[in-house]
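The structure file data10.csv is reproduced below (CSV, C-alpha atoms and all ligand atoms).
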chain,number,residue,atom,x,y,z
A,1,MET,CA,24.1,46.7,2.9
A,2,LEU,CA,21.2,45.0,4.7
A,3,GLU,CA,21.5,43.3,8.0
A,4,ILE,CA,18.6,41.3,9.5
A,5,ASN,CA,19.0,40.7,13.2
A,6,ALA,CA,16.9,38.3,15.3
A,7,LEU,CA,13.8,39.1,13.3
A,8,ALA,CA,10.5,37.5,14.6
A,9,LYS,CA,6.9,37.6,13.4
A,10,ASN,CA,4.0,35.6,14.7
A,11,PHE,CA,0.6,35.1,13.1
A,12,GLY,CA,-2.0,34.2,15.7
A,13,GLY,CA,0.7,32.9,18.1
A,14,LEU,CA,2.4,30.8,15.4
A,15,PRO,CA,5.9,31.9,14.4
A,16,ALA,CA,6.3,32.7,10.7
A,17,LEU,CA,9.8,34.2,11.5
A,18,ASP,CA,11.6,33.0,14.5
A,19,GLY,CA,14.8,34.9,15.2
A,20,VAL,CA,16.1,35.2,11.6
A,21,SER,CA,19.6,36.8,11.2
A,22,PHE,CA,21.7,37.2,8.1
A,23,SER,CA,23.2,40.0,6.0
A,24,LEU,CA,23.2,40.9,2.4
A,25,ALA,CA,26.3,42.1,0.5
A,26,GLN,CA,26.1,45.0,-2.0
A,27,GLY,CA,26.3,43.9,-5.6
A,28,HIS,CA,25.5,40.3,-4.8
A,29,ILE,CA,22.6,38.0,-5.5
A,30,THR,CA,21.5,36.4,-2.2
A,31,ALA,CA,19.1,33.6,-2.6
A,32,LEU,CA,16.5,32.9,0.1
A,33,ILE,CA,15.2,29.4,-0.2
A,34,GLY,CA,13.2,27.0,2.0
A,35,PRO,CA,10.1,24.8,1.9
A,36,ASN,CA,6.6,26.2,1.5
A,37,GLY,CA,5.5,28.2,4.5
A,38,ALA,CA,9.1,28.7,5.6
A,39,GLY,CA,8.6,32.4,6.0
A,40,LYS,CA,10.3,33.7,2.8
A,41,THR,CA,7.4,36.0,1.7
A,42,THR,CA,6.9,37.1,5.3
A,43,LEU,CA,10.5,38.2,5.4
A,44,ILE,CA,10.1,40.3,2.2
A,45,ASN,CA,6.9,41.8,3.7
A,46,THR,CA,8.7,42.9,6.8
A,47,ILE,CA,11.7,44.4,4.9
A,48,THR,CA,9.3,46.4,2.8
A,49,GLY,CA,7.3,47.6,5.7
A,50,VAL,CA,4.0,45.8,4.7
A,51,LEU,CA,4.3,43.9,8.0
A,52,THR,CA,5.8,45.1,11.2
A,53,PRO,CA,8.0,42.4,12.9
A,54,ASP,CA,7.3,41.6,16.6
A,55,ARG,CA,11.0,41.7,17.4
A,56,GLY,CA,14.3,42.3,15.7
A,57,GLU,CA,16.1,44.8,13.5
A,58,ILE,CA,16.3,45.4,9.7
A,59,ILE,CA,19.4,47.6,9.3
A,60,PHE,CA,19.7,49.2,5.9
A,61,ASP,CA,22.5,51.7,5.3
A,62,GLY,CA,23.1,51.8,9.1
A,63,GLN,CA,19.4,52.7,9.9
A,64,ASP,CA,16.7,50.4,11.3
A,65,LEU,CA,13.7,50.1,8.9
A,66,VAL,CA,11.4,48.6,11.5
A,67,GLY,CA,8.3,50.8,12.0
A,68,ARG,CA,8.8,52.8,8.8
A,69,LYS,CA,6.1,53.0,6.3
A,70,PRO,CA,6.3,51.1,2.9
A,71,HIS,CA,6.5,54.3,0.8
A,72,GLU,CA,9.4,55.6,3.0
A,73,ILE,CA,11.2,52.3,2.6
A,74,ALA,CA,10.6,52.4,-1.2
A,75,ARG,CA,12.0,55.9,-1.3
A,76,ARG,CA,15.2,54.7,0.4
A,77,GLY,CA,15.7,52.4,-2.6
A,78,ILE,CA,14.2,49.1,-1.8
A,79,SER,CA,11.8,47.6,-4.5
A,80,ARG,CA,10.2,44.3,-4.9
A,81,THR,CA,8.2,41.9,-7.1
A,82,PHE,CA,5.3,39.9,-5.8
A,83,GLN,CA,4.8,36.1,-5.7
A,84,ASN,CA,1.4,36.6,-7.3
A,85,LEU,CA,1.5,39.3,-9.9
A,86,ARG,CA,0.3,42.8,-8.8
A,87,LEU,CA,-0.1,44.7,-12.0
A,88,LEU,CA,-2.7,47.0,-13.6
A,89,PRO,CA,-4.4,44.7,-16.2
A,90,THR,CA,-6.3,47.4,-18.1
A,91,HIS,CA,-3.4,49.8,-18.3
A,92,SER,CA,-0.6,49.7,-20.9
A,93,VAL,CA,2.6,47.8,-20.4
A,94,LEU,CA,4.5,51.2,-20.3
A,95,ASP,CA,2.1,52.6,-17.6
A,96,ASN,CA,2.8,49.5,-15.4
A,97,VAL,CA,6.5,50.1,-15.6
A,98,LEU,CA,6.0,53.9,-15.0
A,99,CYS,CA,4.4,52.9,-11.7
A,100,GLY,CA,7.8,51.9,-10.5
A,101,LEU,CA,8.9,55.5,-10.9
A,102,THR,CA,6.4,57.1,-8.6
A,103,VAL,CA,8.9,56.8,-5.8
A,104,LYS,CA,10.9,59.5,-7.6
A,105,ALA,CA,7.9,61.7,-8.4
A,106,THR,CA,8.0,64.3,-5.6
A,107,SER,CA,5.8,67.0,-7.1
A,108,SER,CA,2.8,68.2,-5.2
A,109,PHE,CA,-0.3,69.6,-6.9
A,110,ALA,CA,1.0,73.2,-6.3
A,111,ALA,CA,4.3,72.4,-7.9
A,112,ALA,CA,2.4,70.9,-10.8
A,113,MET,CA,0.5,74.1,-11.2
A,114,LEU,CA,3.6,76.3,-11.0
A,115,ARG,CA,6.3,74.4,-12.8
A,116,LEU,CA,4.4,72.7,-15.6
A,117,PRO,CA,7.3,72.8,-18.2
A,118,GLY,CA,9.7,71.2,-15.7
A,119,LEU,CA,7.2,68.5,-15.0
A,120,ARG,CA,6.6,67.8,-18.6
A,121,HIS,CA,10.3,67.4,-19.1
A,122,ARG,CA,10.4,65.0,-16.1
A,123,GLU,CA,7.5,63.0,-17.5
A,124,ARG,CA,9.4,62.6,-20.8
A,125,LEU,CA,12.4,61.5,-18.9
A,126,PHE,CA,10.4,58.9,-17.0
A,127,ARG,CA,8.9,57.5,-20.1
A,128,LEU,CA,12.3,57.2,-21.7
A,129,GLN,CA,13.6,55.5,-18.6
A,130,ALA,CA,10.7,53.1,-18.6
A,131,LEU,CA,11.1,52.3,-22.3
A,132,GLU,CA,14.8,51.6,-21.8
A,133,MET,CA,14.0,49.2,-19.0
A,134,LEU,CA,11.3,47.5,-21.1
A,135,ASP,CA,13.9,47.2,-23.9
A,136,ARG,CA,16.2,45.4,-21.5
A,137,PHE,CA,13.5,42.9,-20.9
A,138,GLY,CA,12.8,42.5,-24.6
A,139,LEU,CA,9.3,44.2,-24.3
A,140,ALA,CA,9.8,47.7,-25.8
A,141,GLY,CA,7.8,46.7,-28.9
A,142,LYS,CA,4.8,46.0,-26.7
A,143,ALA,CA,5.0,49.1,-24.5
A,144,ALA,CA,1.6,50.4,-25.8
A,145,TRP,CA,-0.1,47.0,-25.5
A,146,PRO,CA,-2.7,46.6,-22.7
A,147,LEU,CA,-1.0,44.5,-20.0
A,148,ALA,CA,-3.8,41.9,-20.3
A,149,ALA,CA,-2.7,41.0,-23.8
A,150,LEU,CA,0.7,39.7,-22.6
A,151,SER,CA,1.6,36.1,-21.7
A,152,TYR,CA,2.2,35.1,-18.1
A,153,GLY,CA,5.9,35.0,-18.7
A,154,GLU,CA,5.9,38.5,-20.2
A,155,LYS,CA,3.8,39.8,-17.3
A,156,LYS,CA,6.5,38.5,-14.9
A,157,LYS,CA,9.0,40.5,-16.9
A,158,VAL,CA,6.9,43.7,-16.7
A,159,GLU,CA,6.8,43.3,-12.9
A,160,MET,CA,10.6,43.0,-12.9
A,161,ALA,CA,11.0,46.0,-15.2
A,162,ARG,CA,8.8,48.0,-12.7
A,163,ALA,CA,11.0,46.8,-9.8
A,164,PHE,CA,14.3,47.8,-11.5
A,165,VAL,CA,13.2,51.0,-13.3
A,166,ALA,CA,13.9,53.5,-10.5
A,167,GLU,CA,17.5,52.4,-10.0
A,168,PRO,CA,16.8,50.8,-6.7
A,169,ARG,CA,19.6,50.0,-4.3
A,170,LEU,CA,18.1,46.6,-3.4
A,171,VAL,CA,15.5,44.5,-5.2
A,172,LEU,CA,13.5,41.8,-3.5
A,173,LEU,CA,12.3,39.2,-6.0
A,174,ASP,CA,9.6,36.8,-4.8
A,175,GLU,CA,9.7,33.7,-7.1
A,176,PRO,CA,10.5,35.5,-10.4
A,177,VAL,CA,10.4,32.2,-12.5
A,178,ALA,CA,7.5,30.4,-10.8
A,179,GLY,CA,5.1,29.2,-13.5
A,180,LEU,CA,7.6,29.9,-16.4
A,181,ASN,CA,8.8,27.3,-18.9
A,182,PRO,CA,12.5,26.3,-19.1
A,183,ALA,CA,13.2,28.7,-22.0
A,184,GLU,CA,11.6,31.6,-20.2
A,185,THR,CA,13.5,30.7,-17.0
A,186,ALA,CA,16.8,30.6,-18.9
A,187,GLY,CA,16.0,34.1,-20.2
A,188,ILE,CA,15.3,35.4,-16.8
A,189,ALA,CA,18.6,33.9,-15.5
A,190,VAL,CA,20.5,35.8,-18.2
A,191,LEU,CA,18.7,39.0,-17.3
A,192,LEU,CA,19.4,38.7,-13.6
A,193,GLN,CA,23.0,38.0,-14.3
A,194,GLN,CA,23.2,41.1,-16.5
A,195,LEU,CA,21.5,43.2,-13.8
A,196,ARG,CA,23.9,41.9,-11.2
A,197,ARG,CA,26.9,42.8,-13.5
A,198,ALA,CA,25.3,46.3,-13.8
A,199,GLY,CA,25.7,46.6,-10.0
A,200,HIS,CA,22.3,45.6,-8.7
A,201,THR,CA,21.9,44.0,-5.3
A,202,MET,CA,19.2,41.3,-5.1
A,203,LEU,CA,17.4,39.1,-2.7
A,204,LEU,CA,16.1,36.2,-4.7
A,205,VAL,CA,13.3,34.0,-3.3
A,206,GLU,CA,13.0,31.0,-5.5
A,207,HIS,CA,12.1,27.3,-5.5
A,208,ASP,CA,14.0,26.6,-8.8
A,209,MET,CA,17.2,25.2,-7.3
A,210,GLU,CA,19.0,25.1,-10.6
A,211,LEU,CA,18.5,28.8,-11.0
A,212,VAL,CA,19.5,29.5,-7.4
A,213,MET,CA,22.6,27.4,-7.6
A,214,ARG,CA,23.6,28.9,-11.0
A,215,ILE,CA,23.3,32.6,-10.3
A,216,SER,CA,23.5,33.3,-6.6
A,217,ASP,CA,26.6,34.4,-4.6
A,218,GLN,CA,25.1,33.4,-1.2
A,219,VAL,CA,22.2,31.2,-0.2
A,220,VAL,CA,20.2,31.6,3.0
A,221,VAL,CA,17.9,28.7,4.0
A,222,LEU,CA,14.8,29.2,6.0
A,223,ASP,CA,12.8,26.4,7.6
A,224,SER,CA,9.7,26.9,9.8
A,225,GLY,CA,10.8,30.6,10.3
A,226,ARG,CA,14.3,29.7,11.3
A,227,CYS,CA,17.5,30.4,9.4
A,228,ILE,CA,19.1,26.9,9.2
A,229,ALA,CA,22.0,27.7,6.8
A,230,ARG,CA,23.8,30.6,5.2
A,231,SER,CA,26.6,29.7,2.8
A,232,THR,CA,27.8,29.4,-0.8
A,233,PRO,CA,25.6,27.5,-3.3
A,234,ASP,CA,28.1,24.6,-3.4
A,235,GLU,CA,28.1,24.2,0.4
A,236,ILE,CA,24.3,24.4,0.6
A,237,ARG,CA,23.9,21.6,-2.0
A,238,THR,CA,25.4,19.0,0.4
A,239,ASN,CA,24.4,20.6,3.8
A,240,PRO,CA,22.6,17.8,5.8
A,241,LEU,CA,20.3,20.3,7.6
A,242,VAL,CA,19.1,21.6,4.2
A,243,LEU,CA,18.6,18.2,2.7
A,244,GLU,CA,16.6,17.2,5.8
A,245,ALA,CA,14.4,20.3,5.7
A,246,TYR,CA,13.5,19.6,2.1
A,247,LEU,CA,13.3,15.8,2.2
A,248,GLY,CA,11.5,15.9,5.6
A,249,LYS,CA,8.9,18.2,4.2
A,250,THR,CA,8.4,16.0,1.1
A,251,GLY,CA,8.2,12.9,3.3
A,252,ARG,CA,5.5,14.5,5.5
A,253,ALA,CA,3.5,15.8,2.5
A,254,ALA,CA,3.6,12.4,0.7
B,301,LIG,N1,-1.1,37.3,6.7
B,301,LIG,C1,-1.0,36.1,7.3
B,301,LIG,N2,-1.8,35.8,8.3
B,301,LIG,C2,-1.7,34.6,8.9
B,301,LIG,N3,-0.7,33.7,8.6
B,301,LIG,C3,0.2,34.0,7.6
B,301,LIG,C4,0.1,35.3,6.9
B,301,LIG,N4,1.1,35.3,6.0
B,301,LIG,C5,1.8,34.2,6.2
B,301,LIG,N5,1.2,33.4,7.1
B,301,LIG,C6,1.8,32.1,7.6
B,301,LIG,O1,3.2,32.3,7.9
B,301,LIG,C7,3.9,31.2,7.4
B,301,LIG,C8,5.0,31.6,6.4
B,301,LIG,O2,4.3,32.0,5.2
B,301,LIG,P1,5.1,32.7,4.0
B,301,LIG,O3,4.1,33.1,3.0
B,301,LIG,O4,6.0,33.7,4.5
B,301,LIG,O5,5.9,31.4,3.5
B,301,LIG,P2,6.8,31.2,2.2
B,301,LIG,O6,8.1,30.7,2.6
B,301,LIG,O7,6.8,32.4,1.3
B,301,LIG,O8,6.1,30.0,1.4
B,301,LIG,P3,5.9,29.7,-0.2
B,301,LIG,O9,7.1,29.1,-0.6
B,301,LIG,O10,4.7,28.8,-0.2
B,301,LIG,O11,5.6,31.0,-0.8
B,301,LIG,C9,2.9,30.2,6.8
B,301,LIG,O12,2.6,29.2,7.8
B,301,LIG,C10,1.7,31.0,6.5
B,301,LIG,O13,0.5,30.3,6.6
B,302,MG,MG,6.1,32.9,-0.5
Can you turn what I pasted into structure tokens?
Amino acid sequence: MLEINALAKNFGGLPALDGVSFSLAQGHITALIGPNGAGKTTLINTITGVLTPDRGEIIFDGQDLVGRKPHEIARRGISRTFQNLRLLPTHSVLDNVLCGLTVKATSSFAAAMLRLPGLRHRERLFRLQALEMLDRFGLAGKAAWPLAALSYGEKKKVEMARAFVAEPRLVLLDEPVAGLNPAETAGIAVLLQQLRRAGHTMLLVEHDMELVMRISDQVVVLDSGRCIARSTPDEIRTNPLVLEAYLGKTGRAA
């Protein structure tokens, strides 16, 4: 579904992505792991058009996404969550999820003036869709709450509900369980598995190895902007290059 070819991105002459290549299969959870600063978020930012890579291709459904604007990429069906939450704190939980449906709202001001009943119907449909997604995340009862009244774990779920609400073809999750307790993490694991069974394709950036090993079909490992391994979770666990990348980093940090 998605093919990354020789992707490179430099910041001030330092490579954040250095010739990364891998592909993502439809209906799978592909985990993207690697030590801090490996380039994982940079990769998500290039796929979503927030950053333009210096070289390489991002082929989605046979077309290169490089150079396309973020809203166009979102319209093609790629959504994401952020490593640091990006939500509207003073708006309701429901409004935050509705934001995920703006990719589907094509109406111009003129259309809004001319086809008001149709739009109202559409708005009702959107609200229903957002409520259904909130229900899936166990938050329908708090739809009218201001976002700020929710716990951190609940906010993470709202972001995920926003990412999944528009029936995207691919969801990029940047550390969905970071900062969550074990019970919340287990809840997210179950939800991600349910969403996978429902046919969703995901790229999961995560430091929680237990979660990665448990729910992903394929694991891609980045280290200093390079792809050092792509394999099944079982093979990754014992891959000497991967162990060296993690232990080496820990050793240097210590
Ligand atoms: N906007 C930017 N300007 C300059 N340097 C950047 C920028 N974004 C990322 N970098 C650098 O690129 C490298 C990769 O960063 P990135 O955020 O992609 O890592 P990461 O794998 O997501 O790390 P983490 O696990 O800590 O989230 C780092 O050295 C980082 O300092
Ligand atoms: Mg990151």
(request) Could you check which of A:Glu154, A:Asp234, A:Leu94, A:Ile47 is closest to A:Ile59, using only C-alpha atoms? (result) A:Ile47
(request) Step by step, measure atom-to-atom distances between ligand MG 302 (chain B) and each residue using only C-alpha atoms and all ligand atoms, keep those at most 10 Å, then write them as a ChimeraX atom specification. (result) /A:33-45,82-84,174-175,205-207
(message) Residues near A:Pro89, anyone? I mean within 12 Å using all atoms listed in the file, not counting same-chain ones fewer than 2 positions away, as a list in words.
(response)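 Final neighbour list, sorted by chain and number: Leu85, Arg86, Leu87, His91, Ser92, Val93, Leu94, Asp95, Asn96, Trp145, Pro146, Leu147, Ala148, Ala149, Leu150, Ser151, Tyr152, Lys155, Val158 and Glu159 of chain A.
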(message) When you count only C-alpha atoms, which of these residues is closest to A:Phe11: A:Pro233, A:Gly187, A:Gly225, A:Pro240?
(response) A:Gly225
(message) Please determine, counting all atoms listed in the file, which residue among A:His121, A:Arg169, A:Lys157, A:His28 has the shortest atom-to-atom distance to A:Asp61.
(response)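 With all atoms listed in the file as the atom set, the closest residue is A:Arg169.
One finds atom CA of A:Gly13 at 13.6 Å from atom CA of A:Arg55.
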(message) Given the point (8.0, 44.3, 11.2) in the coordinates of this file, which residues lie within 10 Å, counting all atoms listed in the file, and how would they look as a PyMOL selection string?
(response) chain A and resi 7-9+42-43+45-58+65-68
(request) Might you pull out every residue within 8 Å of A:Leu24, with all atoms listed in the file counted and same-chain residues fewer than 2 positions away left off, and present them as a list in words? (result) Met1, Leu2, Glu3, Phe22, Gln26, His28, Thr30 and Leu203 of chain A
(request) Rounded to one decimal place, report the atom CA of A:Val165-atom CA of A:Leu134 distance in Å. (result) 8.8 Å
(message) Using all atoms listed in the file, can you tell me which of A:Leu170, A:Leu17, A:Ile78, A:Ala6 comes closest to ligand LIG 301 (chain B)?
(response) A:Leu17
(request) Go through A:Gly138, A:Gly19, A:Ala186, A:Ala198 one by one, measure the shortest atom-to-atom distance of each to A:Leu222 using only C-alpha atoms, and give the residue with the smallest value. (result)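 Looking only at the distances to A:Leu222, the closest residue turns out to be A:Gly19.
Of the residues under consideration (A:Leu243, A:Ile29, A:Leu191, A:Leu173), A:Leu173 shows the shortest atom-to-atom contact distance to ligand LIG 301 (chain B) when counting all atoms listed in the file.
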(message) If we draw a sphere of 12 Å around (19.9, 60.1, -2.2), which residues have at least one atom in it when counting all atoms listed in the file? Please report them as an MDAnalysis selection string.
(response) chainID A and resid 61 75:77 104 167:169
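Atom to atom, atom CA of A:Glu210 and atom CA of A:Leu192 stand 13.9 Å apart.
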(request) Identify, on the basis of all atoms listed in the file, every residue whose closest approach to A:Pro182 does not exceed 12 Å; exclude the query and any residue fewer than 6 positions from it along the same chain; express the result as a PyMOL selection string. (result) chain A and resi 153+188-189+208+210-211
